[in-house]
file run.txt (compact mmCIF, C-alpha atoms and all ligand atoms)
# COMPACT_ATOMS: atom_id res chain seq x y z
CA MET A 1 0.00 0.00 0.00
CA ILE A 2 1.17 3.51 -0.78
CA GLU A 3 0.06 6.60 1.09
CA ALA A 4 1.03 10.05 -0.15
CA ARG A 5 0.62 12.71 2.51
CA ASN A 6 0.59 16.38 1.57
CA LEU A 7 3.50 16.06 -0.82
CA HIS A 8 5.00 19.36 -1.91
CA LYS A 9 7.92 20.12 -4.23
CA ARG A 10 9.33 23.26 -5.77
CA PHE A 11 12.07 23.64 -8.36
CA GLY A 12 13.28 27.24 -8.04
CA ALA A 13 10.34 29.44 -8.90
CA VAL A 14 8.24 26.52 -10.20
CA THR A 15 5.93 24.69 -7.84
CA ALA A 16 5.75 21.23 -9.40
CA VAL A 17 3.61 19.68 -6.66
CA GLU A 18 1.57 21.92 -4.39
CA ASP A 19 -0.30 19.44 -2.20
CA VAL A 20 -0.86 15.82 -3.19
CA SER A 21 -2.38 13.21 -0.89
CA PHE A 22 -3.93 9.88 -1.81
CA THR A 23 -3.95 6.25 -0.79
CA ALA A 24 -3.27 3.42 -3.24
CA ARG A 25 -4.43 0.09 -1.85
CA ASP A 26 -3.22 -3.44 -2.49
CA GLY A 27 -5.04 -5.39 -5.20
CA VAL A 28 -6.14 -2.13 -6.80
CA ILE A 29 -4.92 -0.23 -9.85
CA THR A 30 -4.73 3.47 -9.03
CA GLY A 31 -4.31 5.94 -11.87
CA LEU A 32 -2.78 9.39 -11.52
CA LEU A 33 -4.42 11.33 -14.31
CA GLY A 34 -3.60 14.88 -15.25
CA PRO A 35 -2.58 17.08 -18.13
CA ASN A 36 1.05 17.74 -19.09
CA GLY A 37 2.89 19.54 -16.33
CA ALA A 38 0.33 18.66 -13.65
CA GLY A 39 2.96 17.19 -11.34
CA LYS A 40 2.49 13.45 -11.90
CA THR A 41 6.11 12.59 -12.63
CA THR A 42 7.36 14.68 -9.72
CA THR A 43 4.86 12.97 -7.41
CA LEU A 44 6.00 9.53 -8.55
CA ARG A 45 9.65 10.53 -8.17
CA MET A 46 9.01 11.51 -4.57
CA LEU A 47 7.24 8.19 -3.97
CA TYR A 48 10.17 6.21 -5.33
CA THR A 49 12.71 8.29 -3.41
CA LEU A 50 14.48 9.90 -6.38
CA VAL A 51 13.33 13.37 -5.32
CA ARG A 52 13.09 14.50 -1.72
CA PRO A 53 9.84 16.31 -0.91
CA ASP A 54 10.05 19.88 0.41
CA GLY A 55 6.99 19.10 2.47
CA GLY A 56 4.89 16.09 3.35
CA THR A 57 5.94 12.50 2.97
CA ALA A 58 4.79 9.12 1.74
CA LEU A 59 4.59 5.62 3.15
CA VAL A 60 5.27 2.41 1.24
CA ASP A 61 3.81 -0.50 3.21
CA GLY A 62 4.06 1.77 6.23
CA VAL A 63 7.72 2.69 5.62
CA ASP A 64 8.43 6.42 5.39
CA VAL A 65 10.16 7.22 2.08
CA VAL A 66 11.98 10.20 3.56
CA GLN A 67 13.10 8.56 6.81
CA GLN A 68 13.89 5.08 5.44
CA PRO A 69 14.38 5.40 1.68
CA GLU A 70 16.37 2.18 1.23
CA GLN A 71 13.78 0.08 2.99
CA ALA A 72 11.00 1.73 0.99
CA ARG A 73 12.85 1.04 -2.27
CA ARG A 74 13.01 -2.67 -1.50
CA ALA A 75 9.23 -2.86 -1.53
CA LEU A 76 8.95 -0.97 -4.84
CA GLY A 77 9.20 -1.83 -8.51
CA VAL A 78 9.56 1.27 -10.66
CA LEU A 79 9.14 2.07 -14.32
CA PRO A 80 10.64 5.59 -14.43
CA ASP A 81 9.83 8.15 -17.10
CA ALA A 82 13.39 8.00 -18.43
CA ARG A 83 13.64 4.28 -19.14
CA GLY A 84 17.47 4.53 -18.94
CA LEU A 85 18.74 1.26 -20.41
CA TYR A 86 22.35 0.18 -20.75
CA PRO A 87 22.98 -0.06 -24.50
CA ARG A 88 25.58 -2.82 -24.20
CA LEU A 89 23.50 -5.14 -22.05
CA THR A 90 20.93 -7.48 -23.54
CA ALA A 91 17.33 -7.44 -22.39
CA ARG A 92 17.93 -10.58 -20.34
CA GLU A 93 21.08 -9.13 -18.77
CA HIS A 94 19.12 -6.06 -17.65
CA ALA A 95 16.63 -8.21 -15.77
CA ARG A 96 19.37 -10.43 -14.35
CA TYR A 97 21.44 -7.47 -13.21
CA TYR A 98 18.57 -5.86 -11.34
CA GLY A 99 17.60 -9.22 -9.89
CA GLU A 100 21.14 -9.61 -8.55
CA LEU A 101 21.01 -6.12 -7.07
CA HIS A 102 17.91 -7.26 -5.22
CA GLY A 103 19.68 -10.34 -3.88
CA LEU A 104 18.38 -12.98 -6.31
CA SER A 105 20.73 -15.56 -7.80
CA GLY A 106 21.05 -19.01 -9.33
CA ALA A 107 18.09 -21.04 -10.54
CA ALA A 108 15.54 -18.78 -8.82
CA LEU A 109 16.82 -15.78 -10.79
CA ASP A 110 17.02 -17.76 -14.05
CA SER A 111 13.45 -18.96 -13.82
CA ARG A 112 12.13 -15.53 -12.76
CA VAL A 113 13.82 -13.89 -15.74
CA ASP A 114 12.48 -16.59 -18.09
CA GLU A 115 9.00 -16.08 -16.68
CA LEU A 116 9.14 -12.32 -17.33
CA ILE A 117 10.49 -12.82 -20.85
CA GLU A 118 7.54 -15.11 -21.56
CA LEU A 119 5.01 -12.84 -19.87
CA LEU A 120 6.17 -9.73 -21.71
CA ASP A 121 6.44 -11.58 -25.03
CA MET A 122 10.13 -10.73 -25.31
CA LYS A 123 11.62 -14.00 -26.54
CA ASP A 124 12.71 -12.53 -29.87
CA ILE A 125 14.62 -9.66 -28.25
CA ALA A 126 15.77 -11.25 -24.98
CA ASP A 127 19.35 -11.86 -26.05
CA ARG A 128 19.91 -8.75 -28.15
CA ARG A 129 21.77 -5.72 -26.83
CA THR A 130 19.28 -2.95 -26.16
CA GLU A 131 21.08 -0.41 -28.35
CA GLY A 132 18.67 0.51 -31.13
CA PHE A 133 15.60 -0.98 -29.45
CA SER A 134 12.26 0.55 -30.38
CA GLN A 135 10.26 2.42 -27.75
CA GLY A 136 7.99 -0.57 -27.13
CA GLN A 137 10.95 -2.92 -26.77
CA ARG A 138 12.59 -0.51 -24.34
CA VAL A 139 9.46 -0.36 -22.19
CA LYS A 140 9.33 -4.15 -22.03
CA VAL A 141 12.95 -4.35 -20.86
CA ALA A 142 12.35 -1.64 -18.27
CA LEU A 143 9.24 -3.48 -17.06
CA ALA A 144 11.10 -6.78 -16.73
CA ARG A 145 13.78 -4.98 -14.74
CA ALA A 146 11.18 -3.28 -12.53
CA LEU A 147 9.37 -6.50 -11.71
CA VAL A 148 12.20 -9.01 -11.39
CA HIS A 149 12.18 -9.02 -7.58
CA GLY A 150 8.40 -9.44 -7.35
CA PRO A 151 7.75 -6.10 -5.61
CA ARG A 152 4.56 -5.67 -3.57
CA ASN A 153 4.15 -2.14 -4.91
CA VAL A 154 4.60 -1.08 -8.53
CA LEU A 155 4.94 2.52 -9.75
CA LEU A 156 4.81 3.20 -13.47
CA ASP A 157 5.26 6.54 -15.20
CA GLU A 158 3.18 6.65 -18.40
CA PRO A 159 3.76 2.93 -19.08
CA THR A 160 1.98 2.82 -22.45
CA ASN A 161 3.37 6.07 -23.83
CA GLY A 162 4.43 5.53 -27.43
CA LEU A 163 3.36 1.89 -27.55
CA ASP A 164 1.40 0.33 -30.38
CA VAL A 165 -1.89 -1.46 -29.85
CA MET A 166 -0.40 -4.90 -29.22
CA SER A 167 2.22 -3.63 -26.79
CA THR A 168 -0.40 -1.55 -24.98
CA ARG A 169 -2.56 -4.64 -24.58
CA ALA A 170 0.41 -6.61 -23.25
CA VAL A 171 1.10 -3.92 -20.64
CA ARG A 172 -2.56 -3.76 -19.64
CA THR A 173 -2.68 -7.54 -19.24
CA LEU A 174 0.42 -7.39 -17.09
CA LEU A 175 -0.98 -4.66 -14.83
CA ARG A 176 -4.23 -6.62 -14.37
CA ARG A 177 -2.18 -9.65 -13.44
CA LEU A 178 -0.24 -7.66 -10.84
CA LYS A 179 -3.55 -6.49 -9.43
CA ALA A 180 -4.91 -10.06 -9.32
CA GLU A 181 -1.79 -11.04 -7.38
CA GLY A 182 -2.81 -8.48 -4.76
CA ARG A 183 -0.08 -5.94 -5.52
CA CYS A 184 -0.48 -2.21 -5.24
CA VAL A 185 -0.25 -0.70 -8.74
CA VAL A 186 0.02 3.05 -9.36
CA PHE A 187 0.50 4.50 -12.80
CA SER A 188 0.42 7.95 -14.31
CA SER A 189 -1.10 8.99 -17.58
CA HIS A 190 -2.32 12.08 -19.32
CA VAL A 191 -4.67 9.97 -21.45
CA MET A 192 -8.11 9.52 -20.04
CA GLN A 193 -8.88 6.42 -22.12
CA GLU A 194 -5.84 4.69 -20.67
CA VAL A 195 -6.89 5.36 -17.12
CA ALA A 196 -10.52 4.48 -17.82
CA ALA A 197 -9.50 1.13 -19.32
CA LEU A 198 -7.47 0.00 -16.34
CA CYS A 199 -8.11 1.82 -13.11
CA ASP A 200 -10.27 0.95 -10.16
CA ARG A 201 -9.48 4.28 -8.62
CA ILE A 202 -8.55 7.55 -10.26
CA VAL A 203 -6.66 10.41 -8.68
CA VAL A 204 -6.98 13.48 -10.88
CA VAL A 205 -4.07 15.91 -10.54
CA ALA A 206 -4.05 19.45 -11.93
CA HIS A 207 -1.64 22.29 -11.13
CA GLY A 208 0.08 20.17 -8.48
CA ARG A 209 -3.08 19.40 -6.53
CA VAL A 210 -5.51 16.51 -6.29
CA VAL A 211 -8.74 17.84 -7.75
CA ALA A 212 -10.70 14.59 -7.63
CA ASP A 213 -10.22 11.11 -6.21
CA GLY A 214 -12.59 8.19 -6.56
CA THR A 215 -13.81 5.27 -8.63
CA PRO A 216 -14.90 6.02 -12.20
CA ASP A 217 -18.52 5.72 -11.03
CA GLU A 218 -17.94 8.13 -8.16
CA LEU A 219 -16.32 10.67 -10.48
CA ARG A 220 -19.26 10.45 -12.84
CA ALA A 221 -21.74 10.83 -9.99
CA ARG A 222 -19.86 13.74 -8.43
CA THR A 223 -19.76 15.76 -11.63
CA GLY A 224 -23.27 14.78 -12.68
CA LYS A 225 -21.92 13.65 -16.05
CA ASP A 226 -22.89 10.41 -17.77
CA SER A 227 -19.61 9.76 -19.53
CA LEU A 228 -16.24 9.57 -17.87
CA GLU A 229 -14.92 11.79 -20.61
CA GLU A 230 -17.29 14.62 -19.69
CA ALA A 231 -16.59 14.05 -16.01
CA PHE A 232 -12.87 14.59 -16.64
CA VAL A 233 -13.43 17.74 -18.63
CA ALA A 234 -15.59 19.05 -15.78
CA THR A 235 -13.00 18.06 -13.17
CA ILE A 236 -9.88 19.34 -14.91
CA GLY A 237 -11.62 22.35 -16.37
CA SER A 238 -10.14 21.75 -19.83
CA GLU A 239 -9.97 19.08 -22.50
CA GLN A 240 -6.24 18.51 -22.09
CA GLY A 241 -6.65 15.11 -20.49
CA LEU A 242 -8.55 13.78 -23.46
CA MET A 243 -5.79 13.94 -26.01
CA GLN A 244 -4.14 10.74 -27.16
N1 LIG A 301 13.78 19.16 -12.29
C1 LIG A 301 12.93 20.16 -12.56
N2 LIG A 301 13.35 21.44 -12.65
C2 LIG A 301 12.49 22.45 -12.93
N3 LIG A 301 11.17 22.27 -13.11
C3 LIG A 301 10.69 21.04 -13.05
C4 LIG A 301 11.54 19.91 -12.77
N4 LIG A 301 10.77 18.78 -12.76
C5 LIG A 301 9.51 19.20 -13.01
N5 LIG A 301 9.46 20.55 -13.18
C6 LIG A 301 8.26 21.35 -13.48
O1 LIG A 301 7.24 20.97 -12.58
C7 LIG A 301 5.98 20.91 -13.22
C8 LIG A 301 5.40 19.50 -13.10
O2 LIG A 301 6.18 18.61 -13.90
P1 LIG A 301 5.91 17.05 -13.95
O3 LIG A 301 6.94 16.44 -14.86
O4 LIG A 301 5.83 16.52 -12.56
O5 LIG A 301 4.46 16.98 -14.62
P2 LIG A 301 3.68 15.77 -15.30
O6 LIG A 301 2.29 15.84 -14.77
O7 LIG A 301 4.42 14.51 -15.11
O8 LIG A 301 3.69 16.18 -16.83
P3 LIG A 301 3.79 15.29 -18.19
O9 LIG A 301 2.46 14.64 -18.39
O10 LIG A 301 4.08 16.35 -19.22
O11 LIG A 301 4.92 14.32 -18.01
C9 LIG A 301 6.22 21.36 -14.66
O12 LIG A 301 5.94 22.73 -14.73
C10 LIG A 301 7.70 21.10 -14.85
O13 LIG A 301 8.25 21.95 -15.82
call {"tool": "encode", "arguments": {"input": "run.txt", "output": "structure tokens", "more": "lines below"}}
Ligand SMILES: Nc1ncnc2c1ncn2[C@@H]1O[C@H](COP(=O)(O)OP(=O)(O)OP(=O)(O)O)[C@@H](O)[C@H]1O
result
Amino acid sequence: MIEARNLHKRFGAVTAVEDVSFTARDGVITGLLGPNGAGKTTTLRMLYTLVRPDGGTALVDGVDVVQQPEQARRALGVLPDARGLYPRLTAREHARYYGELHGLSGAALDSRVDELIELLDMKDIADRRTEGFSQGQRVKVALARALVHGPRNVLLDEPTNGLDVMSTRAVRTLLRRLKAEGRCVVFSSHVMQEVAALCDRIVVVAHGRVVADGTPDELRARTGKDSLEEAFVATIGSEQGLMQ
């Protein structure tokens, strides 16, 4: 479970995150939805301990990310916005390397990496160096790396950005599987359709603040709109979140 509590972050004169609080439960897919520049990436970066909040904090399975960042990181799998692959390592080596960093080894690591390669439909690229990989291939490698240690909590920054239909479906299937396994899944998106297709709970962020938080049905009821699309426009106050 992840709890964000009054997170706040400024970069010089820019307030990236004004005040963000929400709870993401286990066995639930929580979507952070907001237009470009809303503060989603900065919020996720604070949750996964890359950026230190100027105010507020967050708990990962009850562990404070500011007080005990290393312990929090152990319970997290992260797909960052910059996928950051090593060009000389193969896809398989990426997953193995991160598995080793998390203390896995031997047959357990081998079979876990094989399982992820199968799950992410990566057999054809598993033993190629990642230099020159397409965007979809890069996302798959970064996902395998994020999930190799079987984290209880998974944070993903715009996981389907730039993916084609088949790759998007593969990612959606994977996220639903993580949910079925009882993990806490949080992902960000600026695309309403993406969030609507996957999320049990939607946290709408605009200008660094949470402007709505609820199930798709609750958001519809609260805004008095029949379609989720209209509910989002009413909540965000613009049509930015509707663009593919
Ligand atoms: N390192 C930084 N230095 C300066 N400004 C930053 C930095 N990181 C984020 N910002 C600013 O903070 C605001 C929020 O950015 P953030 O990347 O969190 O938004 P986002 O919701 O993820 O947007 P997008 O959908 O475009 O990725 C933006 O105005 C951005 O320019």
call {"tool": "closest_atom_pairs", "arguments": {"input": "run.txt", "of": "chain A", "to": "ligand LIG 301 (chain A)", "cutoff": "9 Å", "atoms": "all atoms listed in the file", "output": "Markdown table"}}
result
| residue | atom | partner | partner_atom | distance |
| --- | --- | --- | --- | --- |
| A:Lys9 | CA | A:LIG301 | O1 | 8.4 |
| A:Arg10 | CA | A:LIG301 | O1 | 7.5 |
| A:Phe11 | CA | A:LIG301 | C2 | 4.7 |
| A:Gly12 | CA | A:LIG301 | C2 | 6.9 |
| A:Ala13 | CA | A:LIG301 | C2 | 8.4 |
| A:Val14 | CA | A:LIG301 | N3 | 5.9 |
| A:Thr15 | CA | A:LIG301 | O1 | 6.2 |
| A:Ala16 | CA | A:LIG301 | O1 | 3.5 |
| A:Val17 | CA | A:LIG301 | C8 | 6.7 |
| A:Leu32 | CA | A:LIG301 | O6 | 8.8 |
| A:Leu33 | CA | A:LIG301 | O6 | 8.1 |
| A:Gly34 | CA | A:LIG301 | O6 | 6.0 |
| A:Pro35 | CA | A:LIG301 | O9 | 5.6 |
| A:Asn36 | CA | A:LIG301 | O10 | 3.3 |
| A:Gly37 | CA | A:LIG301 | O5 | 3.5 |
| A:Ala38 | CA | A:LIG301 | O6 | 3.6 |
| A:Gly39 | CA | A:LIG301 | O4 | 3.2 |
| A:Lys40 | CA | A:LIG301 | O6 | 3.7 |
| A:Thr41 | CA | A:LIG301 | O7 | 3.6 |
| A:Thr42 | CA | A:LIG301 | O4 | 3.7 |
| A:Thr43 | CA | A:LIG301 | O4 | 6.3 |
| A:Leu44 | CA | A:LIG301 | O4 | 8.1 |
| A:Arg45 | CA | A:LIG301 | O4 | 8.4 |
| A:Asp81 | CA | A:LIG301 | O11 | 7.9 |
| A:Asp157 | CA | A:LIG301 | O7 | 8.0 |
| A:Glu158 | CA | A:LIG301 | O11 | 7.9 |
| A:Ser188 | CA | A:LIG301 | O7 | 7.7 |
| A:Ser189 | CA | A:LIG301 | O9 | 6.7 |
| A:His190 | CA | A:LIG301 | O9 | 5.5 |
| A:Val205 | CA | A:LIG301 | O6 | 7.6 |
| A:Ala206 | CA | A:LIG301 | O6 | 7.8 |
| A:His207 | CA | A:LIG301 | C8 | 7.8 |
| A:Gly208 | CA | A:LIG301 | C8 | 7.1 |
call {"tool": "closest_residue", "arguments": {"input": "run.txt", "among": "A:Gly237, A:Gly99, A:Gly62, A:Pro69", "to": "Met1 (chain A)", "atoms": "only C-alpha atoms"}}
result
A:Gly62
call {"tool": "axis_aligned_box", "arguments": {"input": "run.txt", "around": "region 160-166 of chain A", "padding_each_side": "3 Å", "output": "AutoDock Vina command-line options"}}
result
--center_x 1.3 --center_y 0.6 --center_z -26.4 --size_x 12.3 --size_y 17.0 --size_z 13.9
call {"tool": "residues_around", "arguments": {"input": "run.txt", "residues": "region 163-166 of chain A", "least_positions_apart": "3", "cutoff": "12 Å", "atoms": "only C-alpha atoms", "output": "list in words"}}
result
Leu120, Asp121, Ser134, Gln135, Gly136, Gln137, Arg138, Val139, Lys140, Glu158, Pro159, Thr160, Arg169, Ala170, Val171, Arg172, Thr173, Glu194 and Gln244 of chain A
call {"tool": "residues_around", "arguments": {"input": "run.txt", "residues": "region 176-179 of chain A", "least_positions_apart": "3", "cutoff": "6 Å", "atoms": "only C-alpha atoms", "output": "compact mmCIF listing (two decimals) with C-alpha atoms, keeping the file's coordinate frame"}}
result
# COMPACT_ATOMS: atom_id res chain seq x y z
CA GLY A 27 -5.04 -5.39 -5.20
CA VAL A 28 -6.14 -2.13 -6.80
CA THR A 173 -2.68 -7.54 -19.24
CA GLY A 182 -2.81 -8.48 -4.76
CA ARG A 183 -0.08 -5.94 -5.52
call {"tool": "closest_residue", "arguments": {"input": "run.txt", "among": "A:Cys199, A:Asp213, A:Ala142, A:Ala4", "to": "Val185 (chain A)", "atoms": "only C-alpha atoms"}}
result
A:Cys199
call {"tool": "atom_distance", "arguments": {"input": "run.txt", "atom1": "CA of Leu156 (chain A)", "atom2": "CA of Lys225 (chain A)"}}
result
28.8 Å
call {"tool": "closest_residue", "arguments": {"input": "run.txt", "among": "A:Gln68, A:Leu85, A:Val60, A:Thr49", "to": "Thr23 (chain A)", "atoms": "all atoms listed in the file"}}
result
A:Val60
call {"tool": "atom_distance", "arguments": {"input": "run.txt", "atom1": "CA of Arg220 (chain A)", "atom2": "CA of Ile202 (chain A)"}}
result
11.4 Å
call {"tool": "closest_residue", "arguments": {"input": "run.txt", "among": "A:Gln67, A:Thr57, A:Thr30, A:Ser21", "to": "Phe187 (chain A)", "atoms": "all atoms listed in the file"}}
result
A:Thr30
call {"tool": "atom_distance", "arguments": {"input": "run.txt", "atom1": "CA of Met192 (chain A)", "atom2": "CA of Glu229 (chain A)"}}
result
7.2 Å
call {"tool": "residues_around", "arguments": {"input": "run.txt", "residues": "Val66 (chain A)", "least_positions_apart": "5", "cutoff": "12 Å", "atoms": "all atoms listed in the file", "output": "list in words"}}
result
Ala4, Arg5, Leu7, Arg45, Met46, Leu47, Tyr48, Thr49, Leu50, Val51, Arg52, Pro53, Asp54, Gly55, Gly56, Thr57, Ala58, Leu59, Val60, Gln71, Ala72 and Arg73 of chain A
call {"tool": "write_last_selection", "arguments": {"input": "run.txt", "atoms": "C-alpha atoms", "output": "compact mmCIF listing (two decimals), keeping the file's coordinate frame"}}
result
# COMPACT_ATOMS: atom_id res chain seq x y z
CA ALA A 4 1.03 10.05 -0.15
CA ARG A 5 0.62 12.71 2.51
CA LEU A 7 3.50 16.06 -0.82
CA ARG A 45 9.65 10.53 -8.17
CA MET A 46 9.01 11.51 -4.57
CA LEU A 47 7.24 8.19 -3.97
CA TYR A 48 10.17 6.21 -5.33
CA THR A 49 12.71 8.29 -3.41
CA LEU A 50 14.48 9.90 -6.38
CA VAL A 51 13.33 13.37 -5.32
CA ARG A 52 13.09 14.50 -1.72
CA PRO A 53 9.84 16.31 -0.91
CA ASP A 54 10.05 19.88 0.41
CA GLY A 55 6.99 19.10 2.47
CA GLY A 56 4.89 16.09 3.35
CA THR A 57 5.94 12.50 2.97
CA ALA A 58 4.79 9.12 1.74
CA LEU A 59 4.59 5.62 3.15
CA VAL A 60 5.27 2.41 1.24
CA GLN A 71 13.78 0.08 2.99
CA ALA A 72 11.00 1.73 0.99
CA ARG A 73 12.85 1.04 -2.27
call {"tool": "residues_around", "arguments": {"input": "run.txt", "residues": "Arg96 (chain A)", "least_positions_apart": "2", "cutoff": "8 Å", "atoms": "all atoms listed in the file", "output": "PyMOL selection string"}}
result
chain A and resi 92-94+98-100+109-110+113+145+148
call {"tool": "write_last_selection", "arguments": {"input": "run.txt", "atoms": "C-alpha atoms", "output": "mmCIF file, keeping the file's coordinate frame"}}
result
data_model
loop_
_atom_site.group_PDB
_atom_site.id
_atom_site.type_symbol
_atom_site.label_atom_id
_atom_site.label_comp_id
_atom_site.auth_asym_id
_atom_site.auth_seq_id
_atom_site.Cartn_x
_atom_site.Cartn_y
_atom_site.Cartn_z
ATOM 1 C CA ARG A 92 17.930 -10.580 -20.340
ATOM 2 C CA GLU A 93 21.080 -9.130 -18.770
ATOM 3 C CA HIS A 94 19.120 -6.060 -17.650
ATOM 4 C CA TYR A 98 18.570 -5.860 -11.340
ATOM 5 C CA GLY A 99 17.600 -9.220 -9.890
ATOM 6 C CA GLU A 100 21.140 -9.610 -8.550
ATOM 7 C CA LEU A 109 16.820 -15.780 -10.790
ATOM 8 C CA ASP A 110 17.020 -17.760 -14.050
ATOM 9 C CA VAL A 113 13.820 -13.890 -15.740
ATOM 10 C CA ARG A 145 13.780 -4.980 -14.740
ATOM 11 C CA VAL A 148 12.200 -9.010 -11.390
#
call {"tool": "closest_residue", "arguments": {"input": "run.txt", "among": "A:Val191, A:Val210, A:Val65, A:Ala197", "to": "Gly162 (chain A)", "atoms": "all atoms listed in the file"}}
result
A:Val191
call {"tool": "decode", "arguments": {"input": "run.txt", "residues": "region 118-139 of chain A", "atoms": "N, CA and C atoms", "output": "short mmCIF file (atom, residue, chain, number, x, y, z; two decimals), in the first residue's frame"}}
result
data_model
loop_
_atom_site.label_atom_id
_atom_site.label_comp_id
_atom_site.auth_asym_id
_atom_site.auth_seq_id
_atom_site.Cartn_x
_atom_site.Cartn_y
_atom_site.Cartn_z
N GLU A 118 8.75 -14.47 -21.01
CA GLU A 118 7.54 -15.11 -21.56
C GLU A 118 6.32 -14.18 -21.41
N LEU A 119 6.16 -13.68 -20.20
CA LEU A 119 5.01 -12.84 -19.87
C LEU A 119 4.96 -11.57 -20.72
N LEU A 120 6.11 -10.98 -20.96
CA LEU A 120 6.17 -9.73 -21.71
C LEU A 120 6.38 -9.96 -23.21
N ASP A 121 6.31 -11.23 -23.61
CA ASP A 121 6.44 -11.58 -25.03
C ASP A 121 7.73 -10.99 -25.61
N MET A 122 8.84 -11.32 -24.95
CA MET A 122 10.13 -10.73 -25.31
C MET A 122 11.14 -11.75 -25.85
N LYS A 123 10.65 -12.94 -26.18
CA LYS A 123 11.62 -14.00 -26.54
C LYS A 123 12.54 -13.59 -27.69
N ASP A 124 11.94 -12.89 -28.68
CA ASP A 124 12.71 -12.53 -29.87
C ASP A 124 13.78 -11.48 -29.59
N ILE A 125 13.65 -10.73 -28.51
CA ILE A 125 14.62 -9.66 -28.25
C ILE A 125 15.46 -9.92 -26.98
N ALA A 126 15.17 -11.02 -26.31
CA ALA A 126 15.77 -11.25 -24.98
C ALA A 126 17.29 -11.24 -25.00
N ASP A 127 17.89 -11.74 -26.06
CA ASP A 127 19.35 -11.86 -26.05
C ASP A 127 20.03 -10.91 -27.02
N ARG A 128 19.31 -9.84 -27.36
CA ARG A 128 19.91 -8.75 -28.15
C ARG A 128 20.31 -7.62 -27.24
N ARG A 129 21.42 -6.95 -27.56
CA ARG A 129 21.77 -5.72 -26.83
C ARG A 129 20.67 -4.68 -27.07
N THR A 130 20.43 -3.85 -26.05
CA THR A 130 19.28 -2.95 -26.16
C THR A 130 19.53 -1.72 -27.05
N GLU A 131 20.78 -1.52 -27.45
CA GLU A 131 21.08 -0.41 -28.35
C GLU A 131 20.22 -0.52 -29.60
N GLY A 132 19.51 0.53 -29.93
CA GLY A 132 18.67 0.51 -31.13
C GLY A 132 17.28 -0.05 -30.92
N PHE A 133 16.95 -0.45 -29.71
CA PHE A 133 15.60 -0.98 -29.45
C PHE A 133 14.54 0.09 -29.71
N SER A 134 13.38 -0.36 -30.18
CA SER A 134 12.26 0.55 -30.38
C SER A 134 11.70 0.94 -29.01
N GLN A 135 10.83 1.94 -29.02
CA GLN A 135 10.26 2.42 -27.75
C GLN A 135 9.52 1.29 -27.01
N GLY A 136 8.74 0.52 -27.75
CA GLY A 136 7.99 -0.57 -27.13
C GLY A 136 8.91 -1.62 -26.54
N GLN A 137 9.98 -1.93 -27.27
CA GLN A 137 10.95 -2.92 -26.77
C GLN A 137 11.64 -2.39 -25.51
N ARG A 138 11.93 -1.11 -25.51
CA ARG A 138 12.59 -0.51 -24.34
C ARG A 138 11.68 -0.57 -23.10
N VAL A 139 10.40 -0.30 -23.32
CA VAL A 139 9.46 -0.36 -22.19
C VAL A 139 9.40 -1.78 -21.63
#
